[in-house]
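query10.tsv follows; it contains TSV, C-alpha atoms.
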chain	number	residue	atom	x	y	z
W	1	MET	CA	29.34	15.13	-45.14
W	2	LEU	CA	27.32	13.86	-42.20
W	3	LYS	CA	27.43	10.13	-41.49
W	4	VAL	CA	25.07	8.22	-39.23
W	5	PRO	CA	24.83	7.51	-36.41
W	6	LEU	CA	25.50	11.17	-35.61
W	7	ALA	CA	28.05	12.09	-32.97
W	8	LYS	CA	26.35	15.40	-32.11
W	9	PRO	CA	22.69	15.43	-33.19
W	10	LYS	CA	20.77	18.69	-33.14
W	11	PRO	CA	17.07	17.78	-32.96
W	12	ASP	CA	14.62	20.59	-33.52
W	13	ILE	CA	11.02	19.53	-33.02
W	14	GLY	CA	9.89	23.12	-33.56
W	15	ARG	CA	11.33	23.09	-37.07
W	16	PHE	CA	9.75	19.68	-37.76
W	17	LEU	CA	6.31	20.99	-36.78
W	18	ARG	CA	6.70	24.19	-38.79
W	19	VAL	CA	7.57	22.16	-41.88
W	20	ILE	CA	4.61	19.82	-41.34
W	21	ARG	CA	2.22	22.73	-40.91
W	22	GLY	CA	3.53	24.53	-43.99
W	23	GLU	CA	4.99	27.40	-42.01
W	24	GLU	CA	8.56	26.84	-43.20
W	25	THR	CA	10.12	25.55	-46.40
W	26	PRO	CA	13.38	23.94	-45.32
W	27	GLU	CA	16.69	23.63	-47.12
W	28	ARG	CA	16.71	19.94	-46.27
W	29	PRO	CA	13.81	17.69	-45.27
W	30	PRO	CA	13.33	16.61	-41.67
W	31	LEU	CA	13.28	12.85	-41.09
W	32	VAL	CA	10.21	10.79	-40.35
W	33	GLU	CA	9.48	7.14	-39.55
W	34	LEU	CA	6.47	5.33	-38.18
W	35	PHE	CA	8.98	3.12	-36.40
W	36	LEU	CA	12.17	1.13	-36.76
W	37	ASP	CA	11.67	-2.58	-36.18
W	38	TYR	CA	12.90	-3.81	-32.81
W	39	GLU	CA	15.68	-5.82	-34.47
W	40	ILE	CA	16.93	-2.72	-36.33
W	41	VAL	CA	16.99	-0.68	-33.10
W	42	ARG	CA	18.85	-3.47	-31.29
W	43	GLU	CA	21.45	-3.84	-34.04
W	44	ILE	CA	22.15	-0.09	-34.22
W	45	SER	CA	22.31	0.17	-30.45
W	46	ARG	CA	24.70	-2.73	-29.96
W	47	THR	CA	26.84	-2.66	-33.08
W	48	TYR	CA	26.98	1.00	-34.08
W	49	LEU	CA	26.55	2.83	-30.77
W	50	GLY	CA	28.21	0.32	-28.47
W	51	CYS	CA	25.39	0.52	-25.94
W	52	ASN	CA	24.89	-2.02	-23.20
W	53	TRP	CA	21.73	-3.51	-24.69
W	54	VAL	CA	19.02	-4.54	-22.24
W	55	GLU	CA	16.02	-6.56	-23.38
W	56	PRO	CA	12.61	-5.14	-22.45
W	57	ALA	CA	11.26	-7.05	-19.47
W	58	GLU	CA	8.54	-6.90	-16.83
W	59	ASP	CA	10.79	-5.40	-14.15
W	60	TRP	CA	10.91	-1.61	-14.40
W	61	GLU	CA	14.72	-1.34	-14.18
W	62	SER	CA	15.14	-3.39	-17.37
W	63	GLN	CA	12.30	-1.59	-19.11
W	64	ALA	CA	13.77	1.82	-18.32
W	65	ALA	CA	17.20	0.76	-19.58
W	66	TYR	CA	15.64	-0.55	-22.78
W	67	LEU	CA	13.73	2.70	-23.33
W	68	LYS	CA	16.88	4.77	-22.83
W	69	ASN	CA	18.66	2.77	-25.54
W	70	TRP	CA	15.62	2.97	-27.79
W	71	VAL	CA	15.46	6.78	-27.50
W	72	GLU	CA	19.23	7.04	-28.03
W	73	VAL	CA	18.96	5.27	-31.39
W	74	TYR	CA	16.36	7.72	-32.73
W	75	TYR	CA	18.33	10.64	-31.34
W	76	ARG	CA	21.61	9.53	-32.90
W	77	MET	CA	19.94	8.74	-36.24
W	78	GLY	CA	18.89	12.37	-36.59
W	79	TYR	CA	15.18	12.33	-35.74
W	80	ASP	CA	13.43	15.25	-34.08
W	81	TYR	CA	10.96	13.03	-32.21
W	82	VAL	CA	10.22	9.57	-30.95
W	83	ARG	CA	6.87	7.87	-31.46
W	84	MET	CA	5.78	6.00	-28.36
W	85	SER	CA	3.19	3.27	-28.87
W	86	GLY	CA	1.47	0.52	-26.95
W	87	GLY	CA	-0.66	0.27	-23.85
W	88	LEU	CA	-3.87	-1.03	-25.43
W	89	ASN	CA	-4.24	-4.70	-26.27
W	90	PHE	CA	-7.20	-6.12	-28.16
W	91	PRO	CA	-6.78	-9.93	-28.07
W	92	GLY	CA	-7.46	-11.54	-31.43
W	93	LYS	CA	-6.42	-14.14	-33.93
W	94	SER	CA	-3.27	-14.04	-36.03
W	95	ARG	CA	-1.50	-16.38	-38.42
W	96	PRO	CA	2.11	-17.21	-37.48
W	97	GLY	CA	4.67	-17.85	-40.17
W	98	GLU	CA	8.43	-18.15	-40.53
W	99	ASP	CA	10.35	-14.87	-40.47
W	100	THR	CA	13.10	-15.03	-43.10
W	101	ALA	CA	14.32	-11.44	-42.62
W	102	LEU	CA	17.97	-10.41	-42.40
W	103	LEU	CA	17.51	-9.80	-38.67
W	104	SER	CA	14.95	-12.52	-38.15
W	105	LYS	CA	12.55	-12.62	-35.21
W	106	LYS	CA	11.97	-16.33	-36.12
W	107	THR	CA	8.17	-15.98	-36.25
W	108	ARG	CA	6.14	-13.28	-38.01
W	109	ASN	CA	2.42	-12.94	-37.29
W	110	TRP	CA	-0.01	-12.10	-40.08
W	111	ALA	CA	-3.51	-10.68	-39.77
W	112	GLU	CA	-6.43	-13.11	-39.68
W	113	GLU	CA	-8.22	-13.30	-43.03
W	114	GLY	CA	-11.11	-15.52	-41.95
W	115	THR	CA	-13.21	-15.19	-38.80
W	116	GLY	CA	-12.06	-13.50	-35.62
W	117	PRO	CA	-13.25	-13.80	-32.00
W	118	ILE	CA	-16.40	-11.71	-32.61
W	119	SER	CA	-19.07	-12.88	-35.01
W	120	ASN	CA	-22.26	-12.49	-32.94
W	121	TRP	CA	-23.69	-10.53	-30.02
W	122	GLN	CA	-22.79	-13.13	-27.39
W	123	GLU	CA	-19.14	-13.04	-28.43
W	124	PHE	CA	-19.29	-9.23	-28.36
W	125	GLU	CA	-20.55	-9.29	-24.77
W	126	ASN	CA	-18.00	-11.91	-23.67
W	127	TYR	CA	-14.97	-10.29	-25.33
W	128	PRO	CA	-12.26	-9.10	-22.88
W	129	TRP	CA	-12.36	-5.41	-23.79
W	130	PRO	CA	-9.40	-3.34	-22.53
W	131	ASP	CA	-10.03	-1.50	-19.25
W	132	LEU	CA	-8.82	2.10	-19.47
W	133	GLY	CA	-8.76	2.27	-15.70
W	134	LYS	CA	-5.95	-0.31	-15.69
W	135	ALA	CA	-3.90	1.27	-18.47
W	136	ASP	CA	-0.23	1.65	-17.53
W	137	LEU	CA	1.21	4.98	-18.67
W	138	THR	CA	4.59	4.54	-16.97
W	139	GLY	CA	6.50	4.04	-20.23
W	140	TYR	CA	4.95	7.11	-21.83
W	141	GLU	CA	5.73	9.22	-18.78
W	142	PHE	CA	9.32	7.98	-18.59
W	143	VAL	CA	10.06	8.71	-22.26
W	144	ALA	CA	8.30	12.08	-22.15
W	145	ASN	CA	10.46	13.15	-19.21
W	146	ASN	CA	13.74	11.76	-20.55
W	147	LEU	CA	14.00	13.06	-24.11
W	148	PRO	CA	17.18	14.77	-25.30
W	149	GLU	CA	16.86	18.53	-25.59
W	150	GLY	CA	15.10	19.52	-28.79
W	151	MET	CA	13.16	16.27	-29.27
W	152	GLY	CA	9.40	15.88	-29.17
W	153	LEU	CA	7.00	13.02	-28.51
W	154	PHE	CA	4.35	11.51	-30.76
W	155	VAL	CA	1.99	8.92	-29.30
W	156	CYS	CA	-0.13	6.04	-30.61
W	157	PRO	CA	-1.52	3.49	-28.12
W	158	THR	CA	-2.59	0.82	-30.63
W	159	SER	CA	-3.43	0.15	-34.25
W	160	GLY	CA	-6.38	1.85	-35.83
W	161	PHE	CA	-10.11	2.30	-35.90
W	162	LEU	CA	-10.39	0.00	-38.94
W	163	GLU	CA	-7.40	-2.25	-38.30
W	164	ILE	CA	-8.53	-3.54	-34.92
W	165	PRO	CA	-12.04	-4.60	-36.03
W	166	LEU	CA	-10.72	-5.98	-39.34
W	167	ASP	CA	-7.46	-7.62	-38.23
W	168	ARG	CA	-8.15	-8.53	-34.63
W	169	LEU	CA	-11.86	-8.84	-33.91
W	170	PHE	CA	-13.88	-9.82	-36.99
W	171	GLY	CA	-11.28	-11.10	-39.45
W	172	TYR	CA	-11.31	-9.65	-42.95
W	173	GLN	CA	-13.87	-12.07	-44.38
W	174	GLY	CA	-15.89	-11.93	-41.19
W	175	LEU	CA	-16.18	-8.16	-41.39
W	176	CYS	CA	-17.15	-8.26	-45.06
W	177	TYR	CA	-20.02	-10.65	-44.34
W	178	LEU	CA	-21.20	-8.83	-41.23
W	179	LEU	CA	-21.34	-5.47	-43.01
W	180	TYR	CA	-24.37	-6.95	-44.79
W	181	ASP	CA	-25.61	-9.60	-42.36
W	182	ASN	CA	-25.38	-7.67	-39.10
W	183	PRO	CA	-24.53	-3.97	-39.53
W	184	GLU	CA	-25.77	-3.25	-36.00
W	185	LEU	CA	-23.04	-5.51	-34.57
W	186	VAL	CA	-20.46	-3.91	-36.82
W	187	ALA	CA	-21.49	-0.46	-35.62
W	188	ALA	CA	-21.34	-1.56	-31.99
W	189	VAL	CA	-17.82	-2.94	-32.36
W	190	PHE	CA	-16.50	0.12	-34.18
W	191	ASP	CA	-18.10	2.36	-31.57
W	192	LYS	CA	-16.62	0.34	-28.69
W	193	VAL	CA	-13.14	0.32	-30.23
W	194	GLY	CA	-13.34	4.03	-31.04
W	195	LYS	CA	-14.33	5.01	-27.50
W	196	ILE	CA	-11.50	2.97	-25.99
W	197	ILE	CA	-8.81	4.38	-28.29
W	198	TYR	CA	-10.07	7.93	-27.88
W	199	GLY	CA	-10.24	7.52	-24.12
W	200	PHE	CA	-6.63	6.36	-23.97
W	201	TYR	CA	-5.51	9.42	-25.92
W	202	GLU	CA	-7.34	11.64	-23.45
W	203	ARG	CA	-5.23	10.15	-20.67
W	204	LEU	CA	-2.03	11.05	-22.56
W	205	LEU	CA	-2.83	14.74	-22.80
W	206	GLY	CA	-0.48	16.91	-20.79
W	207	LEU	CA	2.60	14.73	-21.15
W	208	PRO	CA	5.80	16.81	-21.31
W	209	ASN	CA	7.13	17.36	-24.83
W	210	LEU	CA	3.97	15.95	-26.42
W	211	CYS	CA	3.70	17.39	-29.93
W	212	GLY	CA	1.13	15.21	-31.67
W	213	PHE	CA	-0.72	12.00	-32.36
W	214	PHE	CA	0.72	9.69	-35.05
W	215	GLN	CA	-2.06	7.15	-35.52
W	216	GLY	CA	-1.67	4.09	-37.71
W	217	ASP	CA	-4.70	2.64	-39.48
W	218	ASP	CA	-4.18	0.69	-42.71
W	219	MET	CA	-7.22	1.27	-44.89
W	220	GLY	CA	-6.10	0.30	-48.38
W	221	TYR	CA	-4.11	-1.86	-50.75
W	222	LYS	CA	-2.53	-1.06	-54.10
W	223	THR	CA	-5.73	-0.34	-56.05
W	224	GLY	CA	-8.23	0.88	-53.48
W	225	THR	CA	-9.65	0.74	-49.97
W	226	LEU	CA	-9.96	-2.52	-48.01
W	227	ILE	CA	-13.71	-2.04	-47.61
W	228	ALA	CA	-16.01	0.23	-49.59
W	229	PRO	CA	-15.23	3.96	-49.22
W	230	ASN	CA	-18.73	4.68	-47.94
W	231	GLU	CA	-18.31	2.06	-45.21
W	232	ILE	CA	-15.04	3.74	-44.18
W	233	ARG	CA	-16.83	7.08	-44.13
W	234	ARG	CA	-19.57	5.59	-41.97
W	235	TYR	CA	-17.58	3.58	-39.41
W	236	VAL	CA	-13.96	4.77	-39.45
W	237	LEU	CA	-13.46	8.38	-40.48
W	238	PRO	CA	-15.74	9.88	-37.80
W	239	TRP	CA	-13.35	8.52	-35.16
W	240	HIS	CA	-10.31	9.89	-36.98
W	241	LYS	CA	-12.08	13.24	-37.21
W	242	LYS	CA	-12.84	13.19	-33.50
W	243	LEU	CA	-9.26	12.28	-32.61
W	244	SER	CA	-7.85	14.89	-34.97
W	245	GLY	CA	-10.13	17.43	-33.33
W	246	LEU	CA	-8.82	16.45	-29.91
W	247	ALA	CA	-5.25	16.95	-31.11
W	248	HIS	CA	-5.99	20.33	-32.67
W	249	GLN	CA	-7.82	21.52	-29.56
W	250	GLN	CA	-4.55	20.92	-27.69
W	251	LYS	CA	-2.51	22.62	-30.45
W	252	LEU	CA	-0.99	19.27	-31.42
W	253	VAL	CA	-0.65	17.85	-34.93
W	254	TYR	CA	-2.47	14.78	-36.22
W	255	LEU	CA	-0.47	12.50	-38.51
W	256	LEU	CA	-1.98	9.42	-40.16
W	257	HIS	CA	-0.17	6.30	-41.32
W	258	SER	CA	-2.28	4.26	-43.69
W	259	CYS	CA	-1.07	1.82	-46.30
W	260	GLY	CA	-2.58	1.55	-49.73
W	261	ASN	CA	-4.26	3.59	-52.41
W	262	LEU	CA	-6.63	5.95	-50.58
W	263	GLU	CA	-7.45	8.16	-53.54
W	264	GLN	CA	-11.21	7.64	-53.07
W	265	ILE	CA	-11.12	9.04	-49.54
W	266	ALA	CA	-8.14	11.43	-49.80
W	267	GLY	CA	-10.41	14.46	-49.87
W	268	ASP	CA	-12.25	13.23	-46.78
W	269	LEU	CA	-8.98	12.76	-44.89
W	270	ILE	CA	-7.73	16.22	-45.76
W	271	ASP	CA	-10.91	18.31	-45.66
W	272	GLU	CA	-13.06	16.47	-43.10
W	273	VAL	CA	-10.65	14.64	-40.81
W	274	LYS	CA	-8.10	17.44	-41.28
W	275	ILE	CA	-4.99	15.31	-41.06
W	276	ASP	CA	-1.78	17.33	-40.86
W	277	GLY	CA	0.19	14.69	-42.76
W	278	ARG	CA	-0.18	11.38	-44.57
W	279	HIS	CA	2.34	8.58	-44.19
W	280	SER	CA	2.87	5.33	-46.14
W	281	PHE	CA	3.52	5.25	-49.87
W	282	GLU	CA	4.39	2.51	-52.36
W	283	ASP	CA	5.53	3.11	-55.91
W	284	GLU	CA	3.05	0.51	-57.18
W	285	GLY	CA	-0.41	2.02	-56.85
W	286	ASN	CA	0.39	4.71	-54.29
W	287	PRO	CA	3.53	6.67	-55.29
W	288	VAL	CA	4.62	9.55	-53.12
W	289	VAL	CA	5.28	11.87	-56.08
W	290	ASP	CA	1.66	11.61	-57.23
W	291	PHE	CA	0.33	12.40	-53.77
W	292	LYS	CA	2.70	15.35	-53.45
W	293	ARG	CA	1.58	16.84	-56.77
W	294	LYS	CA	-2.11	16.44	-55.94
W	295	TYR	CA	-2.25	17.20	-52.25
W	296	GLY	CA	1.14	18.54	-51.13
W	297	SER	CA	-0.16	22.07	-50.66
W	298	ARG	CA	-3.00	20.85	-48.42
W	299	THR	CA	-1.31	18.36	-46.10
W	300	ALA	CA	2.19	17.12	-45.33
W	301	VAL	CA	3.74	14.23	-47.26
W	302	LEU	CA	5.62	11.86	-44.96
W	303	GLY	CA	8.19	9.25	-45.96
W	304	GLY	CA	7.91	7.99	-49.50
W	305	ILE	CA	11.00	5.86	-50.23
W	306	ASP	CA	9.46	2.68	-51.57
W	307	LEU	CA	10.30	-0.22	-49.29
W	308	ASP	CA	11.16	-2.57	-52.15
W	309	LYS	CA	13.71	-0.06	-53.45
W	310	LEU	CA	15.02	0.54	-49.94
W	311	CYS	CA	15.63	-3.19	-49.62
W	312	ARG	CA	16.94	-4.14	-53.04
W	313	LEU	CA	18.61	-1.21	-54.80
W	314	PRO	CA	22.41	-1.06	-54.69
W	315	GLU	CA	23.52	1.73	-52.38
W	316	ASP	CA	24.62	4.16	-55.11
W	317	ALA	CA	21.37	3.70	-57.02
W	318	LEU	CA	19.37	4.10	-53.83
W	319	ARG	CA	21.14	7.35	-52.97
W	320	THR	CA	20.35	8.70	-56.44
W	321	HIS	CA	16.71	7.67	-56.07
W	322	VAL	CA	16.40	9.31	-52.64
W	323	ARG	CA	17.81	12.59	-53.96
W	324	GLN	CA	15.31	12.51	-56.83
W	325	ILE	CA	12.39	12.02	-54.44
W	326	ILE	CA	13.59	14.91	-52.27
W	327	LYS	CA	13.96	17.21	-55.28
W	328	ILE	CA	10.39	16.48	-56.32
W	329	CYS	CA	8.75	16.56	-52.88
W	330	LEU	CA	10.65	19.25	-50.96
W	331	PRO	CA	9.63	22.36	-52.96
W	332	GLY	CA	6.83	24.13	-51.12
W	333	GLY	CA	7.70	22.34	-47.89
W	334	ARG	CA	5.32	20.01	-46.03
W	335	PHE	CA	7.61	17.04	-46.71
W	336	ALA	CA	9.62	14.78	-44.43
W	337	LEU	CA	11.91	12.02	-45.66
W	338	GLY	CA	11.71	8.38	-44.64
W	339	SER	CA	10.77	4.91	-45.73
W	340	GLY	CA	7.47	4.37	-47.46
W	341	ASN	CA	6.30	2.25	-44.54
W	342	THR	CA	8.70	1.27	-41.75
W	343	VAL	CA	12.34	0.29	-41.44
W	344	ALA	CA	11.53	-3.40	-41.27
W	345	ASN	CA	13.96	-6.04	-40.06
W	346	TYR	CA	14.56	-7.15	-43.66
W	347	VAL	CA	15.89	-3.71	-44.72
W	348	PRO	CA	19.71	-3.74	-45.06
W	349	ILE	CA	21.04	-1.34	-42.45
W	350	SER	CA	23.56	0.05	-44.94
W	351	ASN	CA	20.67	1.08	-47.21
W	352	TYR	CA	18.74	2.58	-44.30
W	353	PHE	CA	21.82	4.62	-43.34
W	354	ALA	CA	22.23	5.75	-46.95
W	355	MET	CA	18.65	7.02	-47.11
W	356	VAL	CA	19.02	8.98	-43.88
W	357	GLU	CA	22.38	10.45	-44.90
W	358	GLU	CA	20.98	11.72	-48.18
W	359	GLY	CA	18.30	13.56	-46.24
W	360	LEU	CA	20.70	15.00	-43.69
W	361	ASN	CA	23.14	16.19	-46.36
W	362	PHE	CA	20.65	17.51	-48.92
W	363	ARG	CA	20.75	21.19	-49.66
W	364	GLY	CA	18.11	22.59	-51.97
Spit out the file's structure as structure tokens when you get a sec.
Amino acid sequence: MLKVPLAKPKPDIGRFLRVIRGEETPERPPLVELFLDYEIVREISRTYLGCNWVEPAEDWESQAAYLKNWVEVYYRMGYDYVRMSGGLNFPGKSRPGEDTALLSKKTRNWAEEGTGPISNWQEFENYPWPDLGKADLTGYEFVANNLPEGMGLFVCPTSGFLEIPLDRLFGYQGLCYLLYDNPELVAAVFDKVGKIIYGFYERLLGLPNLCGFFQGDDMGYKTGTLIAPNEIRRYVLPWHKKLSGLAHQQKLVYLLHSCGNLEQIAGDLIDEVKIDGRHSFEDEGNPVVDFKRKYGSRTAVLGGIDLDKLCRLPEDALRTHVRQIIKICLPGGRFALGSGNTVANYVPISNYFAMVEEGLNFRG
């Protein structure tokens, strides 16, 4: 029985992509995560791998050492890829609060619910929009050129086409009001954000080992979408469709992470945007088994182990639950195993290891 971290991993990004595209039905599911929290990566690196941990810093020597450790964790945990993110910063408001997680970062920032830095045309004009000409791709290039044999690279420079306007620029309430009070401003902001994100992706094309885009963009909560489905179709989905098209033109896959119940726009995502896989599932309102039954033949199902269960179930019960999810979701392929969201710093590492081991040792 395989135990993690693995002594001799055998990543196979080709197999991962074949499973995602529905070209192969595997005996065991490949692994998938949007990301492991920084604190989880650090703990695995230091405690379980015995690495000389180096904090990320402004000097390149420290940054390179950090990235090597970061890649090593994903490699030794059995993943076929790493997902590199960052490079685009949209300054905005956030709400700091105490972080009470097992591996606490002391402060956790929450999205702004009220009004953000843009509420009128003057603020739109004065906002410090990211300059693509100054984007630093050094980290992407370093990781792309230093992956273990068999691993691939997914990229995502920032959060999504809805998340940035909603969380960072307008605020949730601010956006809701402006959708009615000033739709022209809303359209201008979404268009500006979309062009910047798309332009950054264009600069990433041609990286060695690049296999796809894995864009995050939370659009829902447990009973529906965060704004009306038609507003998402108007302002958000055209940019996802354009980005998906860019990926497919390059023979890359387009994976989407989006929290919440997206049932009202699921058909749009699959048939219009043409996502190759959907990530983020919660048993309350958005269970992975329901999505698999409805859409599993049309797009890949990614992750699915409810984060509450991953945190709170005893290990034996969690292992049983993970095996049940695999048995339901693996038939027909187009399924990869992982958490329903991310391996957050409040997930017990023993439970995270148990979930991964059940995937690695499963035989259909």
Set the distance at 10 Å and use all atoms listed in the file: which residues neighbour W:Trp110 once local chain neighbours fewer than 3 positions away are removed? I'd like the list as an MDAnalysis selection string. chainID W and resid 93:97 107 113 167
Give me the residues near W:Asn286 as a list in words, where near means some atom within 9 Å (using all atoms listed in the file) and where sequence neighbours in that chain fewer than 2 positions away do not count.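 Near W:Asn286, the qualifying residues are Tyr221, Lys222, Thr223, Cys259, Gly260, Asn261, Leu262, Glu263, Ser280, Phe281, Glu282, Asp283, Glu284, Val288, Val289, Asp290 and Phe291 of chain W.
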Within 7 Å of W:Ser258 using all atoms listed in the file, minus same-chain residues under 3 positions, as a PyMOL selection string: chain W and resi 216-219+279-280
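Atom CA of W:Gly152 is positioned 29.2 Å from atom CA of W:Gly220.
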Residues near stretch 135-148 of chain W, cut-off 8 Å, all atoms listed in the file, skip fewer than 5 positions along chain, as an NGL selection string: :W and (64 or 67-68 or 71 or 75 or 84 or 87-88 or 153 or 200 or 204 or 207-210)
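Distance annotation: of W:Gly194, W:Trp129, W:Val32, W:Gly206, the residue with the minimal separation from W:Thr342 is W:Val32; atom set is all atoms listed in the file.
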Among the residues W:Phe35, W:Phe16, W:Phe161, W:Tyr177, the one that comes closest to W:Phe335 [using only C-alpha atoms]: W:Phe16
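Distance-wise, atom CA of W:Ala336 and atom CA of W:Cys311 end up 19.6 Å apart.
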Determine, counting only C-alpha atoms, every residue of protein, DNA or RNA that lies within 12 Å of (-5.3, -13.3, -36.6) in the file coordinates, then give the result as a PyMOL selection string. chain W and resi 90-97+108-118+163-174
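Using all atoms listed in the file, the protein and nucleic acid residues lying no more than 12 Å from W:Arg46, apart from those fewer than 5 places from it along its own chain, are Glu39, Ile40, Val41, Cys51, Asn52, Trp53, Val54, Glu55, Tyr66, Asn69, Trp70, Glu72 and Val73 of chain W.
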Is it possible to get the axis-aligned box enclosing stretch 56-61 of chain W (all listed atoms, 5 Å extra per side) as AutoDock Vina command-line options, with centre and edge lengths in Å rounded to one decimal?
--center_x 11.6 --center_y -4.2 --center_z -18.3 --size_x 16.2 --size_y 15.7 --size_z 18.3
Figure out the distance between atom CA of W:Asn341 and atom CA of W:Leu318, please, to one decimal in Å. 16.1 Å
Would you list the residues near (12.2, 13.4, -34.1) (no more than 7 Å away, in the coordinates of the file, using all atoms listed in the file) as a list of chain:residue names?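 Residues found, by chain and rising number: W:Pro11, W:Ile13, W:Tyr79, W:Asp80, W:Tyr81, W:Val82, W:Met151, W:Gly152.
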Please produce a file of those selected residues containing C-alpha atoms, as an mmCIF file, in the frame of the given file.
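Resulting contents of part.cif:
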data_model
loop_
_atom_site.group_PDB
_atom_site.id
_atom_site.type_symbol
_atom_site.label_atom_id
_atom_site.label_comp_id
_atom_site.auth_asym_id
_atom_site.auth_seq_id
_atom_site.Cartn_x
_atom_site.Cartn_y
_atom_site.Cartn_z
ATOM 1 C CA PRO W 11 17.070 17.780 -32.960
ATOM 2 C CA ILE W 13 11.020 19.530 -33.020
ATOM 3 C CA TYR W 79 15.180 12.330 -35.740
ATOM 4 C CA ASP W 80 13.430 15.250 -34.080
ATOM 5 C CA TYR W 81 10.960 13.030 -32.210
ATOM 6 C CA VAL W 82 10.220 9.570 -30.950
ATOM 7 C CA MET W 151 13.160 16.270 -29.270
ATOM 8 C CA GLY W 152 9.400 15.880 -29.170
#
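With all atoms listed in the file as the atoms that count, the residue of W:Arg18, W:Lys242, W:Lys294, W:Arg278 with the shortest distance to W:Glu202 is W:Lys242.
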Can you check which parts of stretch 42-147 of chain W lie within 10 Å of stretch 181-187 of chain W? Per residue, the shortest pair of atoms and distance in Å to one decimal, counting all atoms listed in the file, sorted by chain and number, as a tab-separated table.
residue	atom	partner	partner_atom	distance
W:Ile118	CA	W:Leu185	CA	9.3
W:Ser119	CA	W:Leu185	CA	8.4
W:Asn120	CA	W:Leu185	CA	7.2
W:Trp121	CA	W:Leu185	CA	6.8
W:Phe124	CA	W:Leu185	CA	8.2
Best match for closeness to W:Phe214 among W:Phe353, W:Phe154, W:Tyr201, W:Tyr235, counting all atoms listed in the file: W:Phe154
Could you check the closest approach to W:Tyr48 for each of W:Met77, W:Ile197, W:Ala65, W:Leu36 and tell me which residue wins, using all atoms listed in the file?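 Result for the nearest residue to W:Tyr48: W:Met77.
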